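Okay, run-v3.cif now, which holds mmCIF, C-alpha atoms:
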data_coords
#
loop_
_atom_site.group_PDB
_atom_site.id
_atom_site.type_symbol
_atom_site.label_atom_id
_atom_site.label_comp_id
_atom_site.auth_asym_id
_atom_site.auth_seq_id
_atom_site.Cartn_x
_atom_site.Cartn_y
_atom_site.Cartn_z
ATOM 1 C CA MET A 1 34.857 17.285 28.210
ATOM 2 C CA ALA A 2 31.117 17.239 27.592
ATOM 3 C CA ASP A 3 31.343 20.688 26.008
ATOM 4 C CA VAL A 4 33.882 19.366 23.562
ATOM 5 C CA ALA A 5 31.485 16.559 22.682
ATOM 6 C CA ILE A 6 28.649 18.972 22.026
ATOM 7 C CA GLU A 7 30.875 21.113 19.811
ATOM 8 C CA ARG A 8 31.723 18.023 17.816
ATOM 9 C CA GLY A 9 28.155 17.150 17.039
ATOM 10 C CA GLY A 10 26.641 15.899 20.257
ATOM 11 C CA ASP A 11 28.382 12.546 20.280
ATOM 12 C CA PRO A 12 29.802 12.045 23.776
ATOM 13 C CA ASP A 13 32.330 9.634 22.284
ATOM 14 C CA ALA A 14 33.641 12.313 19.980
ATOM 15 C CA ALA A 15 35.509 13.601 22.999
ATOM 16 C CA HIS A 16 37.224 10.214 23.121
ATOM 17 C CA ALA A 17 38.477 10.085 19.567
ATOM 18 C CA GLU A 18 41.143 7.598 20.593
ATOM 19 C CA THR A 19 38.835 4.615 21.115
ATOM 20 C CA THR A 20 40.511 1.274 20.531
ATOM 21 C CA THR A 21 38.368 0.691 17.447
ATOM 22 C CA GLY A 22 38.621 4.241 16.121
ATOM 23 C CA LEU A 23 34.821 4.214 15.899
ATOM 24 C CA SER A 24 32.182 5.932 17.977
ATOM 25 C CA ASN A 25 31.268 3.636 20.870
ATOM 26 C CA THR A 26 27.715 5.013 20.835
ATOM 27 C CA LYS A 27 27.222 4.136 17.189
ATOM 28 C CA LEU A 28 28.882 0.763 17.624
ATOM 29 C CA ALA A 29 26.561 0.035 20.558
ATOM 30 C CA MET A 30 23.547 1.001 18.445
ATOM 31 C CA TRP A 31 24.555 -1.408 15.680
ATOM 32 C CA LEU A 32 25.164 -4.158 18.246
ATOM 33 C CA PHE A 33 21.729 -3.464 19.714
ATOM 34 C CA LEU A 34 20.171 -3.687 16.247
ATOM 35 C CA ALA A 35 22.014 -6.959 15.638
ATOM 36 C CA SER A 36 20.490 -8.355 18.832
ATOM 37 C CA GLU A 37 17.087 -7.103 17.713
ATOM 38 C CA CYS A 38 17.554 -9.091 14.493
ATOM 39 C CA MET A 39 17.793 -12.194 16.668
ATOM 40 C CA LEU A 40 14.646 -11.239 18.610
ATOM 41 C CA PHE A 41 12.533 -10.668 15.519
ATOM 42 C CA GLY A 42 14.173 -13.650 13.802
ATOM 43 C CA ALA A 43 12.891 -15.834 16.644
ATOM 44 C CA LEU A 44 9.390 -14.326 16.475
ATOM 45 C CA ILE A 45 9.174 -14.682 12.678
ATOM 46 C CA THR A 46 10.486 -18.254 12.886
ATOM 47 C CA THR A 47 7.787 -19.075 15.436
ATOM 48 C CA TYR A 48 5.106 -17.573 13.193
ATOM 49 C CA VAL A 49 6.291 -19.616 10.192
ATOM 50 C CA LEU A 50 6.645 -22.779 12.296
ATOM 51 C CA TYR A 51 2.969 -22.639 13.333
ATOM 52 C CA ARG A 52 1.704 -21.215 10.056
ATOM 53 C CA GLY A 53 -1.342 -23.065 8.749
ATOM 54 C CA ARG A 54 -1.583 -25.277 11.842
ATOM 55 C CA SER A 55 -4.567 -23.649 13.511
ATOM 56 C CA LEU A 56 -7.324 -26.152 14.163
ATOM 57 C CA VAL A 57 -10.058 -23.533 14.519
ATOM 58 C CA GLY A 58 -10.657 -20.184 12.814
ATOM 59 C CA PRO A 59 -10.525 -17.349 12.159
ATOM 60 C CA TYR A 60 -7.741 -18.067 9.666
ATOM 61 C CA PRO A 61 -5.522 -15.417 8.041
ATOM 62 C CA ALA A 62 -7.625 -15.325 4.852
ATOM 63 C CA ASP A 63 -10.733 -14.646 6.967
ATOM 64 C CA VAL A 64 -9.385 -11.522 8.630
ATOM 65 C CA PHE A 65 -6.569 -9.989 6.564
ATOM 66 C CA ASP A 66 -7.358 -6.825 4.622
ATOM 67 C CA ILE A 67 -4.361 -6.615 2.280
ATOM 68 C CA PRO A 68 -5.196 -3.211 0.703
ATOM 69 C CA TYR A 69 -5.484 -1.687 4.202
ATOM 70 C CA THR A 70 -2.189 -3.203 5.384
ATOM 71 C CA SER A 71 -0.524 -2.157 2.112
ATOM 72 C CA VAL A 72 -1.414 1.463 2.869
ATOM 73 C CA SER A 73 0.106 1.038 6.359
ATOM 74 C CA SER A 74 3.264 -0.330 4.745
ATOM 75 C CA PHE A 75 3.469 2.677 2.421
ATOM 76 C CA VAL A 76 3.065 4.954 5.462
ATOM 77 C CA LEU A 77 5.962 3.295 7.294
ATOM 78 C CA LEU A 78 8.161 3.382 4.178
ATOM 79 C CA ALA A 79 7.340 7.069 3.748
ATOM 80 C CA SER A 80 8.368 7.675 7.360
ATOM 81 C CA SER A 81 11.807 6.201 6.614
ATOM 82 C CA LEU A 82 12.165 8.700 3.787
ATOM 83 C CA THR A 83 11.149 11.652 5.980
ATOM 84 C CA MET A 84 13.600 10.420 8.646
ATOM 85 C CA VAL A 85 16.587 10.602 6.275
ATOM 86 C CA LEU A 86 15.371 13.993 5.075
ATOM 87 C CA ALA A 87 15.420 15.140 8.724
ATOM 88 C CA LEU A 88 18.988 13.873 9.036
ATOM 89 C CA SER A 89 19.971 15.602 5.813
ATOM 90 C CA ALA A 90 18.477 18.880 7.098
ATOM 91 C CA ALA A 91 20.308 18.440 10.422
ATOM 92 C CA GLN A 92 23.618 17.917 8.624
ATOM 93 C CA GLN A 93 23.002 21.170 6.753
ATOM 94 C CA ARG A 94 22.094 22.899 10.063
ATOM 95 C CA GLU A 95 18.602 23.778 8.801
ATOM 96 C CA SER A 96 16.772 23.418 12.100
ATOM 97 C CA GLY A 97 13.343 24.491 10.795
ATOM 98 C CA ARG A 98 13.331 21.876 8.045
ATOM 99 C CA MET A 99 14.773 19.309 10.427
ATOM 100 C CA ARG A 100 11.918 19.871 12.912
ATOM 101 C CA LEU A 101 9.350 19.649 10.117
ATOM 102 C CA TRP A 102 10.665 16.273 8.920
ATOM 103 C CA LEU A 103 11.026 14.961 12.477
ATOM 104 C CA LEU A 104 7.415 15.857 13.233
ATOM 105 C CA THR A 105 6.263 14.369 9.912
ATOM 106 C CA THR A 106 8.098 11.140 10.705
ATOM 107 C CA ALA A 107 6.505 10.980 14.156
ATOM 108 C CA LEU A 108 3.043 11.625 12.685
ATOM 109 C CA LEU A 109 3.516 8.901 10.073
ATOM 110 C CA GLY A 110 4.649 6.546 12.845
ATOM 111 C CA MET A 111 1.557 7.413 14.886
ATOM 112 C CA THR A 112 -0.596 6.784 11.817
ATOM 113 C CA PHE A 113 0.968 3.342 11.444
ATOM 114 C CA VAL A 114 0.438 2.489 15.121
ATOM 115 C CA GLY A 115 -3.131 3.823 14.978
ATOM 116 C CA GLY A 116 -3.752 1.628 11.937
ATOM 117 C CA GLN A 117 -2.412 -1.358 13.805
ATOM 118 C CA VAL A 118 -4.669 -0.665 16.799
ATOM 119 C CA TYR A 119 -7.644 -0.443 14.413
ATOM 120 C CA GLU A 120 -6.593 -3.696 12.722
ATOM 121 C CA PHE A 121 -6.239 -5.522 16.053
ATOM 122 C CA THR A 122 -9.668 -4.231 17.137
ATOM 123 C CA ALA A 123 -11.254 -5.375 13.867
ATOM 124 C CA PHE A 124 -9.643 -8.811 14.216
ATOM 125 C CA ALA A 125 -10.875 -9.093 17.807
ATOM 126 C CA HIS A 126 -14.413 -8.294 16.632
ATOM 127 C CA GLU A 127 -14.099 -11.104 14.108
ATOM 128 C CA GLY A 128 -13.268 -13.471 16.957
ATOM 129 C CA LEU A 129 -9.470 -13.595 16.741
ATOM 130 C CA GLY A 130 -7.986 -13.262 20.218
ATOM 131 C CA LEU A 131 -4.491 -13.847 21.559
ATOM 132 C CA SER A 132 -5.390 -17.386 22.645
ATOM 133 C CA THR A 133 -8.033 -18.262 20.032
ATOM 134 C CA ASN A 134 -5.668 -20.365 17.925
ATOM 135 C CA LEU A 135 -2.003 -20.685 16.913
ATOM 136 C CA PHE A 136 -2.423 -18.022 14.248
ATOM 137 C CA GLY A 137 -3.816 -15.511 16.770
ATOM 138 C CA THR A 138 -1.032 -16.140 19.272
ATOM 139 C CA THR A 139 1.875 -15.958 16.835
ATOM 140 C CA PHE A 140 0.370 -13.070 14.837
ATOM 141 C CA TYR A 141 -0.400 -10.817 17.812
ATOM 142 C CA VAL A 142 2.943 -11.487 19.521
ATOM 143 C CA LEU A 143 4.973 -10.787 16.361
ATOM 144 C CA THR A 144 3.103 -7.710 15.127
ATOM 145 C CA GLY A 145 2.485 -6.487 18.698
ATOM 146 C CA PHE A 146 6.224 -6.521 19.459
ATOM 147 C CA HIS A 147 6.817 -4.596 16.257
ATOM 148 C CA GLY A 148 4.091 -2.088 17.164
ATOM 149 C CA VAL A 149 5.715 -1.512 20.566
ATOM 150 C CA HIS A 150 9.015 -0.829 18.816
ATOM 151 C CA VAL A 151 7.335 1.707 16.515
ATOM 152 C CA THR A 152 5.723 3.372 19.547
ATOM 153 C CA VAL A 153 9.110 3.670 21.278
ATOM 154 C CA GLY A 154 10.501 5.176 18.069
ATOM 155 C CA VAL A 155 7.684 7.743 17.965
ATOM 156 C CA LEU A 156 8.464 8.726 21.572
ATOM 157 C CA MET A 157 12.140 9.176 20.691
ATOM 158 C CA LEU A 158 11.230 11.301 17.648
ATOM 159 C CA LEU A 159 8.897 13.493 19.701
ATOM 160 C CA SER A 160 11.632 13.854 22.333
ATOM 161 C CA LEU A 161 14.090 15.007 19.671
ATOM 162 C CA PHE A 162 11.484 17.443 18.341
ATOM 163 C CA GLY A 163 10.829 18.849 21.833
ATOM 164 C CA MET A 164 14.545 19.085 22.642
ATOM 165 C CA SER A 165 15.125 20.924 19.377
ATOM 166 C CA TYR A 166 12.420 23.465 20.258
ATOM 167 C CA ALA A 167 13.860 23.874 23.751
ATOM 168 C CA ARG A 168 17.301 24.343 22.131
ATOM 169 C CA ARG A 169 18.670 21.416 24.089
ATOM 170 C CA LEU A 170 20.200 19.763 21.050
ATOM 171 C CA PRO A 171 23.802 20.578 20.123
ATOM 172 C CA ASP A 172 24.539 23.092 17.367
ATOM 173 C CA ASP A 173 25.116 20.175 15.030
ATOM 174 C CA PRO A 174 22.305 17.783 16.009
ATOM 175 C CA SER A 175 23.045 15.252 13.283
ATOM 176 C CA PHE A 176 24.543 12.603 15.567
ATOM 177 C CA PRO A 177 21.531 12.067 17.897
ATOM 178 C CA ILE A 178 19.221 12.228 14.877
ATOM 179 C CA GLU A 179 21.319 9.645 13.069
ATOM 180 C CA MET A 180 21.128 7.305 16.095
ATOM 181 C CA VAL A 181 17.332 7.602 16.394
ATOM 182 C CA GLY A 182 17.162 7.258 12.602
ATOM 183 C CA LEU A 183 19.036 3.942 12.704
ATOM 184 C CA TYR A 184 16.460 2.596 15.145
ATOM 185 C CA TRP A 185 13.597 3.962 13.048
ATOM 186 C CA HIS A 186 14.884 2.418 9.813
ATOM 187 C CA PHE A 187 15.325 -0.865 11.657
ATOM 188 C CA VAL A 188 11.626 -1.029 12.555
ATOM 189 C CA ASP A 189 10.941 -0.302 8.887
ATOM 190 C CA ILE A 190 13.070 -3.200 7.622
ATOM 191 C CA VAL A 191 11.482 -5.530 10.157
ATOM 192 C CA TRP A 192 8.082 -4.525 8.776
ATOM 193 C CA ILE A 193 9.298 -5.229 5.217
ATOM 194 C CA VAL A 194 9.879 -8.845 6.294
ATOM 195 C CA ILE A 195 6.668 -9.107 8.363
ATOM 196 C CA PHE A 196 4.530 -7.681 5.551
ATOM 197 C CA THR A 197 5.861 -10.292 3.127
ATOM 198 C CA VAL A 198 5.923 -13.340 5.410
ATOM 199 C CA VAL A 199 2.715 -12.716 7.357
ATOM 200 C CA TYR A 200 0.432 -10.870 4.952
ATOM 201 C CA LEU A 201 1.482 -11.561 1.359
ATOM 202 C CA VAL A 202 2.638 -15.193 1.361
ATOM 203 C CA PRO A 203 -0.540 -17.256 1.041
ATOM 204 C CA THR A 204 -1.288 -19.404 4.084
ATOM 205 C CA PRO A 205 -2.672 -22.909 3.665
ATOM 206 C CA ASN A 206 -5.233 -23.674 6.341
ATOM 207 C CA PRO A 207 -7.815 -26.305 7.200
ATOM 208 C CA GLY A 208 -10.503 -23.913 6.027
ATOM 209 C CA GLY A 209 -9.199 -24.277 2.481
ATOM 210 C CA ALA A 210 -8.828 -20.600 1.628
ATOM 211 C CA GLY A 211 -5.357 -19.142 1.442
ATOM 212 C CA GLY A 212 -3.775 -15.750 1.041
ATOM 213 C CA PRO A 213 -5.273 -12.561 -0.291
ATOM 214 C CA MET B 1 44.473 -2.574 6.596
ATOM 215 C CA ALA B 2 42.872 -2.055 9.969
ATOM 216 C CA LEU B 3 45.057 0.958 10.596
ATOM 217 C CA GLU B 4 44.154 2.386 7.212
ATOM 218 C CA GLN B 5 40.480 2.037 8.069
ATOM 219 C CA ARG B 6 41.018 3.533 11.477
ATOM 220 C CA ASP B 7 42.584 6.588 9.969
ATOM 221 C CA ALA B 8 39.770 6.852 7.480
ATOM 222 C CA VAL B 9 36.932 7.478 9.913
ATOM 223 C CA ASP B 10 36.092 10.545 11.893
ATOM 224 C CA PRO B 11 35.365 10.348 15.635
ATOM 225 C CA ALA B 12 31.615 9.972 15.050
ATOM 226 C CA GLY B 13 32.216 6.866 12.980
ATOM 227 C CA HIS B 14 31.487 8.389 9.594
ATOM 228 C CA ALA B 15 33.612 7.333 6.685
ATOM 229 C CA THR B 16 35.479 10.254 5.275
ATOM 230 C CA ALA B 17 35.073 11.179 1.640
ATOM 231 C CA GLU B 18 38.574 10.137 0.701
ATOM 232 C CA SER B 19 38.289 6.698 2.289
ATOM 233 C CA HIS B 20 34.900 5.335 1.184
ATOM 234 C CA GLY B 21 33.838 7.306 -1.837
ATOM 235 C CA PRO B 22 30.974 9.788 -1.730
ATOM 236 C CA ALA B 23 29.413 11.264 1.397
ATOM 237 C CA HIS B 24 25.777 10.621 2.366
ATOM 238 C CA PRO B 25 23.291 10.894 -0.506
ATOM 239 C CA SER B 26 21.536 14.140 -1.350
ATOM 240 C CA PRO B 27 17.839 14.668 -0.488
ATOM 241 C CA LYS B 28 16.994 14.118 -4.175
ATOM 242 C CA GLU B 29 18.676 10.736 -4.102
ATOM 243 C CA TYR B 30 16.795 9.824 -0.923
ATOM 244 C CA VAL B 31 13.500 10.715 -2.621
ATOM 245 C CA ARG B 32 14.472 8.629 -5.652
ATOM 246 C CA ILE B 33 15.183 5.641 -3.408
ATOM 247 C CA GLY B 34 11.895 6.218 -1.561
ATOM 248 C CA LEU B 35 10.038 6.128 -4.883
ATOM 249 C CA ILE B 36 11.770 2.895 -5.886
ATOM 250 C CA LEU B 37 10.769 1.371 -2.533
ATOM 251 C CA ALA B 38 7.160 2.447 -3.099
ATOM 252 C CA VAL B 39 7.145 0.890 -6.584
ATOM 253 C CA LEU B 40 8.615 -2.364 -5.248
ATOM 254 C CA THR B 41 5.943 -2.474 -2.525
ATOM 255 C CA GLY B 42 3.276 -1.935 -5.188
ATOM 256 C CA LEU B 43 4.785 -4.805 -7.202
ATOM 257 C CA GLU B 44 4.673 -7.051 -4.125
ATOM 258 C CA VAL B 45 0.991 -6.351 -3.552
ATOM 259 C CA ALA B 46 0.200 -6.763 -7.261
ATOM 260 C CA ALA B 47 2.074 -10.077 -7.346
ATOM 261 C CA SER B 48 0.065 -11.381 -4.392
ATOM 262 C CA TYR B 49 -3.140 -10.715 -6.363
ATOM 263 C CA ALA B 50 -1.833 -12.037 -9.700
ATOM 264 C CA GLY B 51 -3.086 -15.561 -9.083
ATOM 265 C CA VAL B 52 0.244 -17.230 -9.888
ATOM 266 C CA SER B 53 1.269 -20.464 -8.200
ATOM 267 C CA GLY B 54 3.062 -20.426 -4.858
ATOM 268 C CA SER B 55 6.248 -21.815 -6.394
ATOM 269 C CA ILE B 56 6.577 -18.615 -8.435
ATOM 270 C CA LEU B 57 4.886 -16.175 -6.077
ATOM 271 C CA ILE B 58 6.851 -16.939 -2.905
ATOM 272 C CA PRO B 59 10.365 -16.571 -4.425
ATOM 273 C CA THR B 60 9.197 -13.397 -6.207
ATOM 274 C CA LEU B 61 7.927 -11.895 -2.946
ATOM 275 C CA PHE B 62 11.119 -12.822 -1.127
ATOM 276 C CA ILE B 63 13.367 -11.352 -3.808
ATOM 277 C CA LEU B 64 11.396 -8.087 -3.718
ATOM 278 C CA ALA B 65 11.543 -8.013 0.113
ATOM 279 C CA VAL B 66 15.311 -8.650 0.115
ATOM 280 C CA VAL B 67 15.875 -5.841 -2.411
ATOM 281 C CA LYS B 68 13.774 -3.411 -0.306
ATOM 282 C CA PHE B 69 15.549 -4.511 2.879
ATOM 283 C CA ALA B 70 18.968 -4.005 1.281
ATOM 284 C CA MET B 71 18.059 -0.581 -0.111
ATOM 285 C CA VAL B 72 16.923 0.706 3.284
ATOM 286 C CA VAL B 73 19.976 -0.707 5.073
ATOM 287 C CA LEU B 74 22.506 0.467 2.496
ATOM 288 C CA TRP B 75 21.149 3.940 1.712
ATOM 289 C CA PHE B 76 18.844 5.056 4.523
ATOM 290 C CA MET B 77 20.967 3.461 7.284
ATOM 291 C CA HIS B 78 24.145 4.473 5.399
ATOM 292 C CA LEU B 79 25.898 1.118 5.671
ATOM 293 C CA LYS B 80 27.053 1.621 2.080
ATOM 294 C CA PHE B 81 28.906 4.768 3.152
ATOM 295 C CA ASP B 82 29.928 4.035 6.764
ATOM 296 C CA ASP B 83 32.817 2.049 8.124
ATOM 297 C CA ARG B 84 32.523 -1.613 7.165
ATOM 298 C CA ARG B 85 32.826 -2.789 10.766
ATOM 299 C CA PHE B 86 29.293 -1.505 11.459
ATOM 300 C CA ALA B 87 28.051 -3.683 8.603
ATOM 301 C CA ARG B 88 29.895 -6.695 9.995
ATOM 302 C CA PHE B 89 28.162 -6.341 13.360
ATOM 303 C CA PHE B 90 24.771 -6.086 11.683
ATOM 304 C CA VAL B 91 25.442 -9.037 9.375
ATOM 305 C CA LEU B 92 26.429 -11.031 12.464
ATOM 306 C CA GLY B 93 22.949 -10.476 13.941
ATOM 307 C CA LEU B 94 21.260 -11.176 10.624
ATOM 308 C CA SER B 95 23.243 -14.388 10.223
ATOM 309 C CA GLY B 96 22.214 -15.482 13.716
ATOM 310 C CA ALA B 97 18.564 -14.898 12.838
ATOM 311 C CA ALA B 98 18.935 -16.757 9.529
ATOM 312 C CA VAL B 99 20.649 -19.735 11.188
ATOM 313 C CA LEU B 100 17.939 -19.882 13.856
ATOM 314 C CA TYR B 101 15.266 -19.785 11.135
ATOM 315 C CA LEU B 102 16.884 -22.537 9.077
ATOM 316 C CA VAL B 103 17.727 -24.822 12.002
ATOM 317 C CA VAL B 104 14.243 -24.649 13.524
ATOM 318 C CA LEU B 105 12.315 -24.953 10.284
ATOM 319 C CA ILE B 106 14.489 -27.659 8.706
ATOM 320 C CA SER B 107 14.490 -29.723 11.899
ATOM 321 C CA SER B 108 10.695 -29.341 12.038
ATOM 322 C CA LYS B 109 10.408 -30.059 8.289
ATOM 323 C CA VAL B 110 8.487 -26.822 7.772
ATOM 324 C CA PHE B 111 9.066 -24.867 4.554
ATOM 325 C CA LEU B 112 7.334 -21.831 3.159
#

Target format structure tokens, applied to this file:
Amino acid sequence: MADVAIERGGDPDAAHAETTTGLSNTKLAMWLFLASECMLFGALITTYVLYRGRSLVGPYPADVFDIPYTSVSSFVLLASSLTMVLALSAAQQRESGRMRLWLLTTALLGMTFVGGQVYEFTAFAHEGLGLSTNLFGTTFYVLTGFHGVHVTVGVLMLLSLFGMSYARRLPDDPSFPIEMVGLYWHFVDIVWIVIFTVVYLVPTPNPGGAGGP
Amino acid sequence: MALEQRDAVDPAGHATAESHGPAHPSPKEYVRIGLILAVLTGLEVAASYAGVSGSILIPTLFILAVVKFAMVVLWFMHLKFDDRRFARFFVLGLSGAAVLYLVVLISSKVFL
């Protein structure tokens, strides 16, 4: 049965074409998981907005944010979404060399983003913004930290796919596992689209008087 | 209707060409969409530095973010091409997040 699944593109559910929905259970589960992740990040973003501008002591967002730097990080993550779909496209055309190249590029871009976030957190900490310094610090670190963990998990999945491809442990048509990891990867990208706007670009009123970039 | 849709998807959940129009985009189209996303991000950053009032800036930023979000979901995540039931599940989660956002912020009288 498993052999049949591998022949059909690596989707174990492909061997069970007669599902009650007529859809792949694996893909359906991934979309359900992403829907639940929407709720998680929705709650974190709501909490950030609820406490926005209510810090009684600094540093405030305008004191620490470096918008040009974060904009470059955003471009990097957007670029990684593009390289991810190019990897999928290569996989669908059975071009394993090109697929590996785009997978590795996506992972490297993801690592660049995470590295940038670590640098940003370190810089903020040096400016006196800790997790419990004020409401801004708590809500900011929890929201962006959760996102960073998701990106890190995505990088690990991409590197696993890359390693499995080299070890020839992916099916002949590897497009299904790549599509599943790609869905997760694009999800962390769309979450960042919202975070970048709400947290970094929308000006924040604060007791210090300064707001936004 | 449901049976028609059921017949129109392959076992991996991909819409077939005859049921939902074209197959996944070509690499060129992906690059074009990536460039549009980059331009929109540049516009967002430029708008935040333009010095316009919050009543204009905030809706502008949100419209740009929604367009970027939709482009990634529809093209890169293939919801535009896949079976519509996947989209319904995702919209369910998004709706839950939106309701949570509105209920908490309206009840707390907090607005962006």

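Here atom CA of Asn25 of chain A and atom CA of Leu100 of chain B stand 27.9 Å from one another.
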
| said: As an exercise, work out the distance from atom CA of Trp185 of chain A to atom CA of Val118 of chain A in Å and give it to one decimal place. | reply: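 Answer for the atom CA of Trp185 of chain A to atom CA of Val118 of chain A separation: 19.2 Å.
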
| field | Residues matched by the PyMOL selection byres ((chain B) within 8 of (chain A)) as a VMD selection string | value | chain B and resid 6 to 7 9 to 13 26 to 27 30 to 31 34 37 to 38 41 44 to 45 48 to 49 54 57 to 58 61 to 62 65 68 to 69 72 to 73 76 to 77 86 89 to 94 96 to 98 100 to 101 104 to 105 108 110 112

| Å distance separating atom CA of Phe121 of chain A from atom CA of Leu159 of chain A, one decimal place |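 Computing it gives 24.6 Å between the two atoms.
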
Given 5 Å of margin on each side, can you work out the centre and size in Å (one decimal) of an axis-aligned box holding every listed atom of segment 28-45 of chain B, as lines of an AutoDock Vina configuration file?
center_x = 9.8
center_y = 3.5
center_z = -4.1
size_x = 27.7
size_y = 31.2
size_z = 16.3

Coords for segment 53-75 of chain A, N, CA and C atoms, as a tab-separated table (two decimals), in the first residue's frame:
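What ended up in selection.tsv:
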chain	number	residue	atom	x	y	z
A	53	GLY	N	0.63	51.15	23.10
A	53	GLY	CA	0.63	52.53	23.61
A	53	GLY	C	0.27	52.66	25.08
A	54	ARG	N	0.26	51.56	25.82
A	54	ARG	CA	-0.13	51.63	27.23
A	54	ARG	C	1.06	51.42	28.17
A	55	SER	N	2.25	51.38	27.63
A	55	SER	CA	3.42	51.21	28.50
A	55	SER	C	3.63	52.48	29.33
A	56	LEU	N	3.90	52.29	30.59
A	56	LEU	CA	4.11	53.45	31.47
A	56	LEU	C	5.56	53.88	31.49
A	57	VAL	N	6.46	52.96	31.16
A	57	VAL	CA	7.89	53.30	31.11
A	57	VAL	C	8.45	52.85	29.76
A	58	GLY	N	9.54	53.47	29.34
A	58	GLY	CA	10.18	53.11	28.08
A	58	GLY	C	11.09	51.90	28.25
A	59	PRO	N	11.75	51.50	27.20
A	59	PRO	CA	11.74	52.06	25.85
A	59	PRO	C	10.41	51.81	25.13
A	60	TYR	N	10.01	52.80	24.32
A	60	TYR	CA	8.80	52.70	23.52
A	60	TYR	C	9.17	52.25	22.11
A	61	PRO	N	8.17	51.83	21.32
A	61	PRO	CA	8.49	51.34	19.96
A	61	PRO	C	9.35	52.32	19.16
A	62	ALA	N	9.00	53.62	19.20
A	62	ALA	CA	9.75	54.59	18.39
A	62	ALA	C	11.21	54.72	18.84
A	63	ASP	N	11.49	54.31	20.09
A	63	ASP	CA	12.86	54.40	20.60
A	63	ASP	C	13.75	53.28	20.06
A	64	VAL	N	13.15	52.16	19.74
A	64	VAL	CA	13.97	50.98	19.40
A	64	VAL	C	13.82	50.49	17.95
A	65	PHE	N	12.66	50.75	17.33
A	65	PHE	CA	12.44	50.18	15.99
A	65	PHE	C	13.39	50.78	14.97
A	66	ASP	N	13.91	49.92	14.11
A	66	ASP	CA	14.74	50.34	12.98
A	66	ASP	C	14.00	49.86	11.73
A	67	ILE	N	13.13	50.72	11.20
A	67	ILE	CA	12.23	50.30	10.12
A	67	ILE	C	13.00	49.85	8.86
A	68	PRO	N	14.03	50.59	8.42
A	68	PRO	CA	14.76	50.11	7.23
A	68	PRO	C	15.30	48.69	7.42
A	69	TYR	N	15.85	48.41	8.61
A	69	TYR	CA	16.40	47.07	8.89
A	69	TYR	C	15.29	46.01	8.81
A	70	THR	N	14.16	46.28	9.47
A	70	THR	CA	13.06	45.31	9.47
A	70	THR	C	12.46	45.17	8.08
A	71	SER	N	12.49	46.26	7.30
A	71	SER	CA	11.97	46.18	5.92
A	71	SER	C	12.81	45.19	5.11
A	72	VAL	N	14.12	45.24	5.30
A	72	VAL	CA	15.00	44.30	4.58
A	72	VAL	C	14.65	42.86	4.99
A	73	SER	N	14.43	42.65	6.30
A	73	SER	CA	14.02	41.31	6.77
A	73	SER	C	12.73	40.86	6.11
A	74	SER	N	11.80	41.81	5.95
A	74	SER	CA	10.51	41.47	5.33
A	74	SER	C	10.71	41.08	3.87
A	75	PHE	N	11.58	41.82	3.17
A	75	PHE	CA	11.89	41.46	1.78
A	75	PHE	C	12.50	40.06	1.72
